[in-house]
>>> print(open('target-v2.txt').read())   # compact mmCIF, C-alpha atoms
# COMPACT_ATOMS: atom_id res chain seq x y z
CA MET A 30 62.80 45.76 146.03
CA LYS A 31 62.38 46.59 149.67
CA HIS A 32 59.46 44.96 151.46
CA PHE A 33 57.63 46.11 154.53
CA ALA A 34 57.12 43.35 157.21
CA ILE A 35 54.24 43.31 159.65
CA SER A 36 54.83 43.67 163.38
CA GLY A 37 55.87 40.55 165.25
CA ALA A 38 52.99 41.12 167.74
CA CYS A 39 50.55 39.79 165.21
CA GLY A 40 52.22 36.38 165.26
CA ALA A 41 52.06 33.71 162.59
CA THR A 42 48.88 32.00 161.52
CA PRO A 43 48.43 28.43 160.34
CA ALA A 44 49.04 27.88 156.67
CA HIS A 45 45.49 26.68 156.11
CA GLY A 46 43.68 28.82 158.69
CA PRO A 47 41.05 31.52 157.95
CA LEU A 48 42.17 34.60 155.97
CA THR A 49 42.41 37.66 158.17
CA GLY A 50 44.11 40.10 155.77
CA LEU A 51 47.35 39.88 157.74
CA GLU A 52 48.77 36.72 156.23
CA VAL A 53 52.49 36.73 155.44
CA ASP A 54 53.61 35.72 151.97
CA GLU A 55 56.69 33.75 151.16
CA ASP A 56 58.83 36.88 151.16
CA GLY A 57 57.68 37.91 154.61
CA MET A 58 55.03 40.54 153.52
CA SER A 59 51.37 40.21 154.48
CA GLU A 60 48.51 41.00 152.14
CA HIS A 61 47.61 43.99 154.28
CA GLY A 62 51.22 45.21 154.26
CA TYR A 63 51.40 44.84 150.49
CA LYS A 64 48.30 46.98 150.06
CA ARG A 65 49.81 49.64 152.29
CA PHE A 66 53.01 49.44 150.24
CA ARG A 67 51.09 50.02 146.99
CA ARG A 68 49.24 52.98 148.47
CA ARG A 69 52.52 54.59 149.52
CA ARG A 70 53.98 54.03 146.06
CA ALA A 71 50.96 55.69 144.44
CA THR A 72 51.18 58.66 146.81
CA ALA A 73 54.92 59.11 146.12
CA ALA A 74 54.34 58.98 142.36
CA ALA A 75 51.66 61.69 142.53
CA THR A 76 53.84 64.04 144.61
CA PRO A 77 56.20 66.28 142.55
CA PRO A 78 59.86 66.11 143.58
CA ALA A 79 61.00 68.88 145.89
CA ALA A 80 63.70 71.29 144.81
CA GLY A 81 67.14 69.98 145.66
CA GLY A 82 65.90 66.38 146.00
CA THR A 83 68.14 63.39 146.06
CA GLY A 84 66.96 62.05 142.74
CA THR A 85 65.11 59.07 144.29
CA GLU A 86 61.67 60.74 144.00
CA ALA A 87 59.15 59.29 141.58
CA ALA A 88 59.35 60.49 138.01
CA PRO A 89 56.51 62.78 136.77
CA GLN A 90 53.62 60.94 135.15
CA MET A 91 53.04 61.37 131.41
CA ALA A 92 49.60 62.37 130.18
CA ALA A 93 47.54 59.53 128.81
CA PRO A 94 47.15 59.38 125.02
CA GLY A 95 44.15 61.41 123.87
CA ALA A 96 43.90 63.36 127.13
CA PRO A 97 43.09 67.10 126.74
CA PRO A 98 46.14 69.39 127.05
CA GLN A 99 46.58 71.18 130.33
CA ALA A 100 45.82 74.91 130.31
CA GLN A 101 48.90 77.12 130.42
CA LEU A 102 49.14 80.70 131.61
CA PRO A 103 50.35 83.28 129.05
CA ALA A 104 54.00 84.25 129.28
CA ARG A 105 53.04 87.87 130.00
CA LEU A 106 50.04 90.14 129.70
CA PRO A 107 50.13 92.73 126.88
CA GLU A 108 51.14 96.23 127.88
CA PRO A 109 48.54 99.02 127.70
CA TRP A 110 50.44 100.42 124.69
CA ASP A 111 50.00 97.12 122.86
CA ARG A 112 46.27 97.19 123.58
CA ILE A 113 45.78 100.49 121.72
CA ARG A 114 44.05 99.65 118.43
CA GLN A 115 46.33 99.85 115.40
CA VAL A 116 44.83 101.64 112.38
CA PRO A 117 47.31 101.80 109.49
CA PHE A 118 47.31 104.88 107.33
CA ASP A 119 44.90 104.75 104.40
CA PRO A 120 46.85 105.85 101.26
CA VAL A 121 43.68 107.20 99.63
CA ALA A 122 42.74 109.18 102.73
CA GLN A 123 46.30 110.52 103.01
CA ARG A 124 46.21 111.84 99.45
CA ALA A 125 42.88 113.52 100.20
CA ALA A 126 44.12 115.01 103.48
CA ARG A 127 44.21 118.75 103.77
CA LEU A 128 47.80 118.88 104.98
CA PRO A 129 50.90 117.39 103.33
CA LEU A 130 52.53 114.75 105.51
CA VAL A 131 56.30 114.51 105.44
CA SER A 132 56.08 110.74 105.81
CA ARG A 133 55.05 110.69 102.15
CA PHE A 134 57.73 113.16 101.05
CA ARG A 135 60.87 111.93 102.77
CA VAL A 136 63.28 113.75 100.42
CA SER A 137 61.50 117.10 100.52
CA PRO A 138 63.07 120.13 102.24
CA ALA A 139 60.11 120.18 104.66
CA ALA A 140 60.86 116.62 105.80
CA LYS A 141 64.48 117.48 106.41
CA SER A 142 63.44 120.56 108.38
CA PHE A 143 61.15 118.55 110.65
CA ASP A 144 63.85 115.94 111.20
CA LEU A 145 66.22 118.72 112.28
CA LEU A 146 63.55 120.17 114.57
CA ARG A 147 62.95 116.71 116.03
CA THR A 148 66.64 116.21 116.82
CA ARG A 149 67.01 119.58 118.51
CA LEU A 150 63.79 119.03 120.45
CA LEU A 151 64.90 115.62 121.72
CA HIS A 152 68.26 116.96 122.82
CA THR A 153 66.58 119.68 124.88
CA LEU A 154 63.95 117.38 126.38
CA LYS A 155 66.52 114.78 127.37
CA ALA A 156 68.86 117.35 128.91
CA ARG A 157 66.07 118.77 131.09
CA GLY A 158 64.07 115.63 131.76
CA TRP A 159 60.97 116.91 129.95
CA LYS A 160 58.33 114.92 128.06
CA ARG A 161 55.22 117.06 127.54
CA VAL A 162 55.23 119.78 124.90
CA ALA A 163 52.37 122.11 123.94
CA VAL A 164 52.32 123.20 120.29
CA THR A 165 50.48 126.48 119.74
CA ALA A 166 50.62 129.78 117.85
CA PRO A 167 49.84 133.47 118.39
CA SER A 168 46.83 133.38 116.04
CA ALA A 169 44.85 130.97 113.88
CA GLY A 170 46.24 129.91 110.51
CA CYS A 171 49.90 129.73 111.50
CA GLY A 172 50.18 125.98 110.86
CA THR A 173 50.01 124.55 114.37
CA THR A 174 48.34 121.28 113.37
CA PHE A 175 50.59 120.91 110.32
CA SER A 176 53.67 121.32 112.52
CA ALA A 177 52.45 119.09 115.37
CA VAL A 178 51.45 116.22 113.07
CA ASN A 179 54.64 116.24 111.02
CA LEU A 180 56.85 116.61 114.08
CA ALA A 181 55.10 113.59 115.63
CA LEU A 182 55.63 111.56 112.45
CA SER A 183 59.31 112.44 112.56
CA LEU A 184 59.57 111.50 116.24
CA ALA A 185 57.87 108.16 115.56
CA ARG A 186 60.78 107.12 113.33
CA VAL A 187 63.21 107.19 116.26
CA PRO A 188 63.99 103.55 117.14
CA ASP A 189 62.69 102.18 120.46
CA SER A 190 60.64 105.30 121.19
CA ARG A 191 56.99 106.07 121.89
CA THR A 192 55.25 109.30 120.91
CA VAL A 193 51.74 110.47 121.82
CA LEU A 194 49.98 113.20 119.83
CA MET A 195 46.76 114.74 121.22
CA ASP A 196 44.33 117.11 119.48
CA LEU A 197 43.34 119.53 122.25
CA ASN A 198 42.18 122.28 119.88
CA PHE A 199 38.51 121.99 120.74
CA ARG A 200 37.84 125.28 118.92
CA ARG A 201 38.86 123.95 115.51
CA PRO A 202 39.84 120.27 115.73
CA GLY A 203 41.73 119.32 112.58
CA MET A 204 44.17 116.53 113.36
CA ALA A 205 41.87 113.70 112.22
CA ARG A 206 41.39 115.37 108.85
CA ALA A 207 45.10 116.07 108.52
CA LEU A 208 45.92 112.39 109.12
CA GLY A 209 43.03 111.09 107.02
CA MET A 210 41.66 109.13 109.99
CA GLU A 211 38.38 108.79 111.88
CA ALA A 212 38.33 109.78 115.54
CA GLN A 213 37.55 106.99 118.02
CA GLY A 214 35.48 107.72 121.08
CA ASP A 215 35.02 111.04 122.81
CA LEU A 216 38.11 113.05 123.74
CA GLY A 217 36.14 115.00 126.33
CA ALA A 218 35.14 111.73 128.01
CA PHE A 219 38.77 110.64 128.15
CA LEU A 220 39.92 113.93 129.69
CA SER A 221 37.10 113.82 132.23
CA GLY A 222 38.21 110.36 133.34
CA SER A 223 35.19 108.38 132.09
CA ALA A 224 37.01 106.62 129.22
CA ARG A 225 40.19 104.55 129.19
CA MET A 226 43.26 105.36 127.15
CA GLU A 227 42.82 102.16 125.10
CA ASP A 228 39.24 103.15 124.24
CA HIS A 229 40.20 106.46 122.70
CA LEU A 230 43.72 106.43 121.30
CA LEU A 231 44.68 104.92 117.94
CA ARG A 232 48.06 103.79 116.63
CA PRO A 233 48.69 104.68 112.98
CA LEU A 234 52.32 103.65 113.43
CA PRO A 235 53.86 101.13 115.86
CA GLN A 236 55.58 103.92 117.80
CA LEU A 237 52.90 106.63 117.48
CA ALA A 238 49.56 106.91 119.31
CA VAL A 239 47.12 109.71 118.51
CA GLY A 240 44.14 111.09 120.38
CA LEU A 241 41.82 112.56 117.77
CA ASN A 242 38.86 114.89 118.15
CA GLN A 243 36.07 115.77 115.75
CA THR A 244 33.70 117.59 118.09
CA ALA A 245 34.11 121.30 118.72
CA ASP A 246 33.56 122.54 122.26
CA GLN A 247 33.47 126.24 123.01
CA ASP A 248 33.74 125.56 126.77
CA ALA A 249 36.96 123.57 126.49
CA ALA A 250 38.90 125.86 128.83
CA GLU A 251 36.88 124.64 131.81
CA LEU A 252 37.68 121.03 130.91
CA LEU A 253 41.39 121.78 130.51
CA HIS A 254 41.35 123.53 133.89
CA SER A 255 39.86 120.54 135.71
CA SER A 256 41.68 118.15 138.00
CA SER A 257 40.22 115.21 136.07
CA CYS A 258 42.09 116.38 132.99
CA ALA A 259 45.36 116.48 134.93
CA GLU A 260 44.73 112.98 136.33
CA ALA A 261 43.85 111.61 132.89
CA LEU A 262 47.07 112.95 131.37
CA ASP A 263 49.17 111.68 134.27
CA GLY A 264 47.65 108.27 133.75
CA LEU A 265 48.24 108.51 130.01
CA MET A 266 51.95 109.19 130.44
CA LEU A 267 52.34 106.47 133.05
CA ARG A 268 50.42 103.71 131.30
CA SER A 269 51.60 104.42 127.76
CA GLY A 270 55.27 104.75 128.70
CA ALA A 271 55.53 107.60 126.17
CA ASP A 272 58.89 109.26 125.70
CA THR A 273 57.36 112.40 124.17
CA ALA A 274 53.83 113.82 124.19
CA LEU A 275 52.75 116.63 121.84
CA PHE A 276 49.53 118.58 122.47
CA ASP A 277 47.98 120.61 119.63
CA LEU A 278 46.35 123.65 121.29
CA PRO A 279 44.36 126.71 120.14
CA PRO A 280 46.07 130.09 119.52
CA VAL A 281 47.50 131.73 122.62
CA LEU A 282 46.14 135.23 121.92
CA GLU A 283 42.62 134.19 120.89
CA HIS A 284 41.46 131.84 123.67
CA ASP A 285 42.38 130.97 127.25
CA ASP A 286 42.54 127.21 126.54
CA THR A 287 46.32 127.18 126.25
CA ALA A 288 46.74 129.27 129.41
CA ALA A 289 44.48 126.83 131.26
CA PHE A 290 46.53 123.86 130.05
CA LEU A 291 50.01 125.21 130.80
CA PRO A 292 50.31 123.48 134.23
CA GLN A 293 50.12 120.12 132.40
CA VAL A 294 53.13 120.65 130.11
CA ASP A 295 56.86 121.10 130.54
CA ALA A 296 57.38 123.57 127.72
CA VAL A 297 55.76 125.27 124.72
CA LEU A 298 56.74 125.24 121.06
CA LEU A 299 55.43 128.37 119.35
CA ILE A 300 54.55 128.29 115.64
CA SER A 301 54.67 131.56 113.72
CA ASP A 302 53.58 132.40 110.19
CA GLY A 303 56.35 134.04 108.20
CA SER A 304 53.78 135.91 106.15
CA SER A 305 51.48 137.23 108.89
CA THR A 306 52.85 136.89 112.44
CA THR A 307 54.21 140.13 113.86
CA ALA A 308 56.96 140.78 116.39
CA ALA A 309 54.37 142.34 118.71
CA GLN A 310 52.37 139.11 118.70
CA LEU A 311 55.42 137.03 119.56
CA ALA A 312 56.30 139.41 122.38
CA ALA A 313 52.75 139.16 123.74
CA CYS A 314 52.99 135.36 123.71
CA GLU A 315 56.31 135.37 125.54
CA LYS A 316 54.87 137.71 128.18
CA MET A 317 51.85 135.47 128.69
CA LEU A 318 54.00 132.33 129.02
CA ALA A 319 56.57 133.87 131.35
CA GLY A 320 56.38 132.48 134.85
CA HIS A 321 54.07 129.63 133.82
CA THR A 322 56.17 127.39 131.60
CA GLU A 323 59.27 127.34 129.41
CA LEU A 324 59.35 128.49 125.79
CA LEU A 325 61.31 125.94 123.77
CA GLY A 326 61.53 128.19 120.75
CA VAL A 327 59.70 129.72 117.81
CA VAL A 328 59.21 127.75 114.59
CA LEU A 329 58.94 129.90 111.47
CA ASN A 330 56.35 128.43 109.11
CA ARG A 331 55.85 129.61 105.51
CA ALA A 332 59.24 131.26 105.56
CA ARG A 333 60.16 133.05 102.36
CA SER A 334 63.17 131.70 100.51
CA THR A 335 66.31 133.76 100.91
CA ASP A 336 66.86 133.42 97.17
CA SER A 337 63.64 135.22 96.24
CA PRO A 338 63.67 139.01 95.92
CA LEU A 339 61.99 141.02 98.65
CA ASN A 340 58.84 142.91 97.68
>>> encode(input="target-v2.txt", output="C-alpha cells")
Amino acid sequence: MKHFAISGACGATPAHGPLTGLEVDEDGMSEHGYKRFRRRRATAAATPPAAGGTGTEAAPQMAAPGAPPQAQLPARLPEPWDRIRQVPFDPVAQRAARLPLVSRFRVSPAAKSFDLLRTRLLHTLKARGWKRVAVTAPSAGCGTTFSAVNLALSLARVPDSRTVLMDLNFRRPGMARALGMEAQGDLGAFLSGSARMEDHLLRPLPQLAVGLNQTADQDAAELLHSSSCAEALDGLMLRSGADTALFDLPPVLEHDDTAAFLPQVDAVLLISDGSSTTAAQLAACEKMLAGHTELLGVVLNRARSTDSPLN
C-alpha cells in the first residue's frame, strides 16, 4: 500500500518528545498524514467511477442490511390511451341492448358485411391519409348508430390499431344504450375544452375508446361550430394516437349539426334505409356535402334479399 510522507520542512522530532500530530511512524507516515490518507480513501469510495475509467476507482458501496430500498423512477409513464378507464362489456347489458352487436354474432351475415365494409374503408383511408369519418344518414331511423357501433367493433379487431367512436348525435343520443354502457362525464364539457379526454372516454375493448352521451342538446350545432370543439378533437387525435375516428351524427336533411361539423372530418359515410330512403334524398345529401368534404360511399341498411319476391 502506498503511503503519503510529510514534507521534510517539518523535520524529525525526538522519539519521546511532546505529541504534535505530525509524528512519523515506523513506515515514514505521520499521524496527521495517515488521517489525511483515510479521508482521501473515504472520498474516493463515495465518488462513483467516471465513464471510461481505468478500473482503479473504488467499487460501489453495498447497502447495509436492513436499510430501506432506494426509490426508483418508473421505466416510462403510461400513455394517455392507457389512462382511459377500461369498462368491459356487461353480457347482461349487451343482451338487453336495443341494437344487435356483431361482436356477439361473429358468424352472422351482418358481421361479415361489416368486416367487408371495414376492410374497404381502411384501404381508402390509408390510400388518402384520412382518419376522421362522419357517419350520418339522410333522415332519422336509417340505422346510423347501429352502423357506426358495429363498424367500430369490427375496426377494433384489427391488430395493433386504435379506434375512437364518438356519439355526436345530441338530438337523439343512443350509443350508450346500444353498447349497454353508462356514459361518463359530460360530452359537451369535453368538446368545450373544460374536460380531459381521460375524464370522458371509456375503453370497452383494449383497442376501442368510446365517447358516450346521454344528454340531449337542441343547440348542439353552435357547439359543433365552435373553435373549442375543433381544438378538443385535434387534441383527442393527437393524444390518443387513434388510427381511425368515427363520429355518429344526426341526419343531414333534418338538422344543421352535420353541416357544422364537416370541417372537422376527412370524409362522410352515408347510411341509407333500403325500405324508406329515396333517390331524391341521397341526391340532396350529395349536393349538400359537395365542396365541403368527401363522400366515402353509401351503405344500404335493411336491404331486401335478392332471393325474396318483389312486392
>>> closest_residue(input="target-v2.txt", among="A:Arg225, A:Arg191, A:Arg161, A:Arg147", to="Gly264 (chain A)", atoms="all atoms listed in the file")
A:Arg225
>>> closest_residue(input="target-v2.txt", among="A:Val327, A:Leu262, A:Arg135, A:Ala218", to="Ala308 (chain A)", atoms="only C-alpha atoms")
A:Val327
>>> closest_residue(input="target-v2.txt", among="A:Val162, A:Ala245, A:Val131, A:Val116", to="Glu323 (chain A)", atoms="only C-alpha atoms")
A:Val162
>>> residues_near_point(input="target-v2.txt", point="(40.3, 109.1, 114.9)", cutoff="6 Å", atoms="all atoms listed in the file", output="PDB file with C-alpha atoms, keeping the file's coordinate frame")
ATOM      1  CA  ALA A 205      41.870 113.700 112.220  1.00  0.00           C
ATOM      2  CA  MET A 210      41.660 109.130 109.990  1.00  0.00           C
ATOM      3  CA  GLU A 211      38.380 108.790 111.880  1.00  0.00           C
ATOM      4  CA  ALA A 212      38.330 109.780 115.540  1.00  0.00           C
ATOM      5  CA  GLN A 213      37.550 106.990 118.020  1.00  0.00           C
ATOM      6  CA  LEU A 241      41.820 112.560 117.770  1.00  0.00           C
TER       7      LEU A 241
END
>>> residues_near_point(input="target-v2.txt", point="(45.2, 118.7, 128.5)", cutoff="8 Å", atoms="only C-alpha atoms", output="list in words")
Leu197, Leu220, Leu253, Cys258, Ala259, Leu262, Phe276, Phe290 and Gln293 of chain A
>>> atom_distance(input="target-v2.txt", atom1="CA of Gly240 (chain A)", atom2="CA of Leu130 (chain A)")
17.5 Å
>>> atom_distance(input="target-v2.txt", atom1="CA of Ala332 (chain A)", atom2="CA of Thr307 (chain A)")
13.1 Å
>>> atom_distance(input="target-v2.txt", atom1="CA of Val328 (chain A)", atom2="CA of Leu299 (chain A)")
6.1 Å
>>> closest_residue(input="target-v2.txt", among="A:Gly222, A:Gly158, A:Gly270, A:Pro138", to="Gln236 (chain A)", atoms="all atoms listed in the file")
A:Gly270
>>> closest_residue(input="target-v2.txt", among="A:Phe219, A:Trp159, A:Phe118, A:Phe175", to="Phe143 (chain A)", atoms="all atoms listed in the file")
A:Phe175
>>> residues_around(input="target-v2.txt", residues="Arg200 (chain A)", least_positions_apart="3", cutoff="8 Å", atoms="all atoms listed in the file", output="list in words")
Ala245, Asp246, Gln247, Ala249 and Pro279 of chain A
>>> write_last_selection(input="target-v2.txt", atoms="C-alpha atoms", output="PDB file, in the frame of the given file")
ATOM      1  CA  ALA A 245      34.110 121.300 118.720  1.00  0.00           C
ATOM      2  CA  ASP A 246      33.560 122.540 122.260  1.00  0.00           C
ATOM      3  CA  GLN A 247      33.470 126.240 123.010  1.00  0.00           C
ATOM      4  CA  ALA A 249      36.960 123.570 126.490  1.00  0.00           C
ATOM      5  CA  PRO A 279      44.360 126.710 120.140  1.00  0.00           C
TER       6      PRO A 279
END
>>> residues_around(input="target-v2.txt", residues="Gly303 (chain A)", least_positions_apart="3", cutoff="7 Å", atoms="only C-alpha atoms", output="PyMOL selection string")
chain A and resi 306+329-332
>>> closest_residue(input="target-v2.txt", among="A:Ala309, A:Met204, A:Leu184, A:Val294", to="Leu146 (chain A)", atoms="only C-alpha atoms")
A:Leu184
>>> residues_around(input="target-v2.txt", residues="Leu230 (chain A)", least_positions_apart="3", cutoff="10 Å", atoms="all atoms listed in the file", output="PyMOL selection string")
chain A and resi 110+112-115+193-195+212-216+219+225-227+233+237-241
>>> residues_around(input="target-v2.txt", residues="Leu278 (chain A)", least_positions_apart="4", cutoff="10 Å", atoms="all atoms listed in the file", output="ChimeraX atom specification")
/A:163-166,173-174,177,195-202,284,286-288,290
>>> decode(input="target-v2.txt", residues="region 163-186 of chain A", atoms="N, CA and C atoms", output="PDB file, in the first residue's frame")
ATOM      1  N   ALA A 163     -67.223  10.883 -40.556  1.00  0.00           N
ATOM      2  CA  ALA A 163     -68.552  11.150 -40.029  1.00  0.00           C
ATOM      3  C   ALA A 163     -69.504  10.086 -40.563  1.00  0.00           C
ATOM      4  N   VAL A 164     -70.342   9.551 -39.693  1.00  0.00           N
ATOM      5  CA  VAL A 164     -71.353   8.564 -40.076  1.00  0.00           C
ATOM      6  C   VAL A 164     -72.712   9.221 -39.869  1.00  0.00           C
ATOM      7  N   THR A 165     -73.464   9.362 -40.943  1.00  0.00           N
ATOM      8  CA  THR A 165     -74.747  10.058 -40.866  1.00  0.00           C
ATOM      9  C   THR A 165     -75.713   9.445 -41.868  1.00  0.00           C
ATOM     10  N   ALA A 166     -76.909  10.023 -41.974  1.00  0.00           N
ATOM     11  CA  ALA A 166     -77.957   9.490 -42.849  1.00  0.00           C
ATOM     12  C   ALA A 166     -78.813  10.644 -43.353  1.00  0.00           C
ATOM     13  N   PRO A 167     -79.598  10.404 -44.397  1.00  0.00           N
ATOM     14  CA  PRO A 167     -80.498  11.470 -44.871  1.00  0.00           C
ATOM     15  C   PRO A 167     -81.576  11.818 -43.853  1.00  0.00           C
ATOM     16  N   SER A 168     -82.126  10.817 -43.176  1.00  0.00           N
ATOM     17  CA  SER A 168     -83.223  11.033 -42.237  1.00  0.00           C
ATOM     18  C   SER A 168     -83.070  10.095 -41.044  1.00  0.00           C
ATOM     19  N   ALA A 169     -83.852  10.341 -40.011  1.00  0.00           N
ATOM     20  CA  ALA A 169     -83.787   9.514 -38.805  1.00  0.00           C
ATOM     21  C   ALA A 169     -84.323   8.115 -39.095  1.00  0.00           C
ATOM     22  N   GLY A 170     -83.795   7.136 -38.360  1.00  0.00           N
ATOM     23  CA  GLY A 170     -84.281   5.773 -38.476  1.00  0.00           C
ATOM     24  C   GLY A 170     -83.595   4.938 -39.530  1.00  0.00           C
ATOM     25  N   CYS A 171     -82.509   5.440 -40.110  1.00  0.00           N
ATOM     26  CA  CYS A 171     -81.816   4.695 -41.162  1.00  0.00           C
ATOM     27  C   CYS A 171     -80.790   3.705 -40.600  1.00  0.00           C
ATOM     28  N   GLY A 172     -80.486   3.785 -39.305  1.00  0.00           N
ATOM     29  CA  GLY A 172     -79.528   2.860 -38.717  1.00  0.00           C
ATOM     30  C   GLY A 172     -78.128   3.429 -38.591  1.00  0.00           C
ATOM     31  N   THR A 173     -78.020   4.729 -38.377  1.00  0.00           N
ATOM     32  CA  THR A 173     -76.691   5.344 -38.264  1.00  0.00           C
ATOM     33  C   THR A 173     -75.926   4.810 -37.057  1.00  0.00           C
ATOM     34  N   THR A 174     -76.562   4.818 -35.895  1.00  0.00           N
ATOM     35  CA  THR A 174     -75.885   4.347 -34.682  1.00  0.00           C
ATOM     36  C   THR A 174     -75.545   2.868 -34.788  1.00  0.00           C
ATOM     37  N   PHE A 175     -76.483   2.077 -35.301  1.00  0.00           N
ATOM     38  CA  PHE A 175     -76.235   0.642 -35.497  1.00  0.00           C
ATOM     39  C   PHE A 175     -75.006   0.426 -36.375  1.00  0.00           C
ATOM     40  N   SER A 176     -74.897   1.178 -37.446  1.00  0.00           N
ATOM     41  CA  SER A 176     -73.775   1.017 -38.371  1.00  0.00           C
ATOM     42  C   SER A 176     -72.476   1.523 -37.766  1.00  0.00           C
ATOM     43  N   ALA A 177     -72.506   2.674 -37.085  1.00  0.00           N
ATOM     44  CA  ALA A 177     -71.290   3.240 -36.509  1.00  0.00           C
ATOM     45  C   ALA A 177     -70.724   2.335 -35.413  1.00  0.00           C
ATOM     46  N   VAL A 178     -71.595   1.827 -34.542  1.00  0.00           N
ATOM     47  CA  VAL A 178     -71.140   0.973 -33.442  1.00  0.00           C
ATOM     48  C   VAL A 178     -70.541  -0.321 -33.972  1.00  0.00           C
ATOM     49  N   ASN A 179     -71.229  -0.981 -34.881  1.00  0.00           N
ATOM     50  CA  ASN A 179     -70.734  -2.261 -35.367  1.00  0.00           C
ATOM     51  C   ASN A 179     -69.500  -2.121 -36.248  1.00  0.00           C
ATOM     52  N   LEU A 180     -69.405  -1.016 -36.973  1.00  0.00           N
ATOM     53  CA  LEU A 180     -68.193  -0.770 -37.755  1.00  0.00           C
ATOM     54  C   LEU A 180     -67.011  -0.538 -36.816  1.00  0.00           C
ATOM     55  N   ALA A 181     -67.236   0.184 -35.715  1.00  0.00           N
ATOM     56  CA  ALA A 181     -66.161   0.412 -34.750  1.00  0.00           C
ATOM     57  C   ALA A 181     -65.727  -0.893 -34.094  1.00  0.00           C
ATOM     58  N   LEU A 182     -66.670  -1.769 -33.765  1.00  0.00           N
ATOM     59  CA  LEU A 182     -66.320  -3.060 -33.177  1.00  0.00           C
ATOM     60  C   LEU A 182     -65.494  -3.901 -34.144  1.00  0.00           C
ATOM     61  N   SER A 183     -65.821  -3.804 -35.420  1.00  0.00           N
ATOM     62  CA  SER A 183     -65.050  -4.531 -36.428  1.00  0.00           C
ATOM     63  C   SER A 183     -63.649  -3.943 -36.570  1.00  0.00           C
ATOM     64  N   LEU A 184     -63.545  -2.621 -36.547  1.00  0.00           N
ATOM     65  CA  LEU A 184     -62.235  -1.971 -36.644  1.00  0.00           C
ATOM     66  C   LEU A 184     -61.358  -2.308 -35.441  1.00  0.00           C
ATOM     67  N   ALA A 185     -61.975  -2.457 -34.272  1.00  0.00           N
ATOM     68  CA  ALA A 185     -61.209  -2.719 -33.054  1.00  0.00           C
ATOM     69  C   ALA A 185     -60.571  -4.101 -33.052  1.00  0.00           C
ATOM     70  N   ARG A 186     -60.951  -4.968 -33.960  1.00  0.00           N
ATOM     71  CA  ARG A 186     -60.338  -6.292 -34.040  1.00  0.00           C
ATOM     72  C   ARG A 186     -59.087  -6.302 -34.916  1.00  0.00           C
TER      73      ARG A 186
END
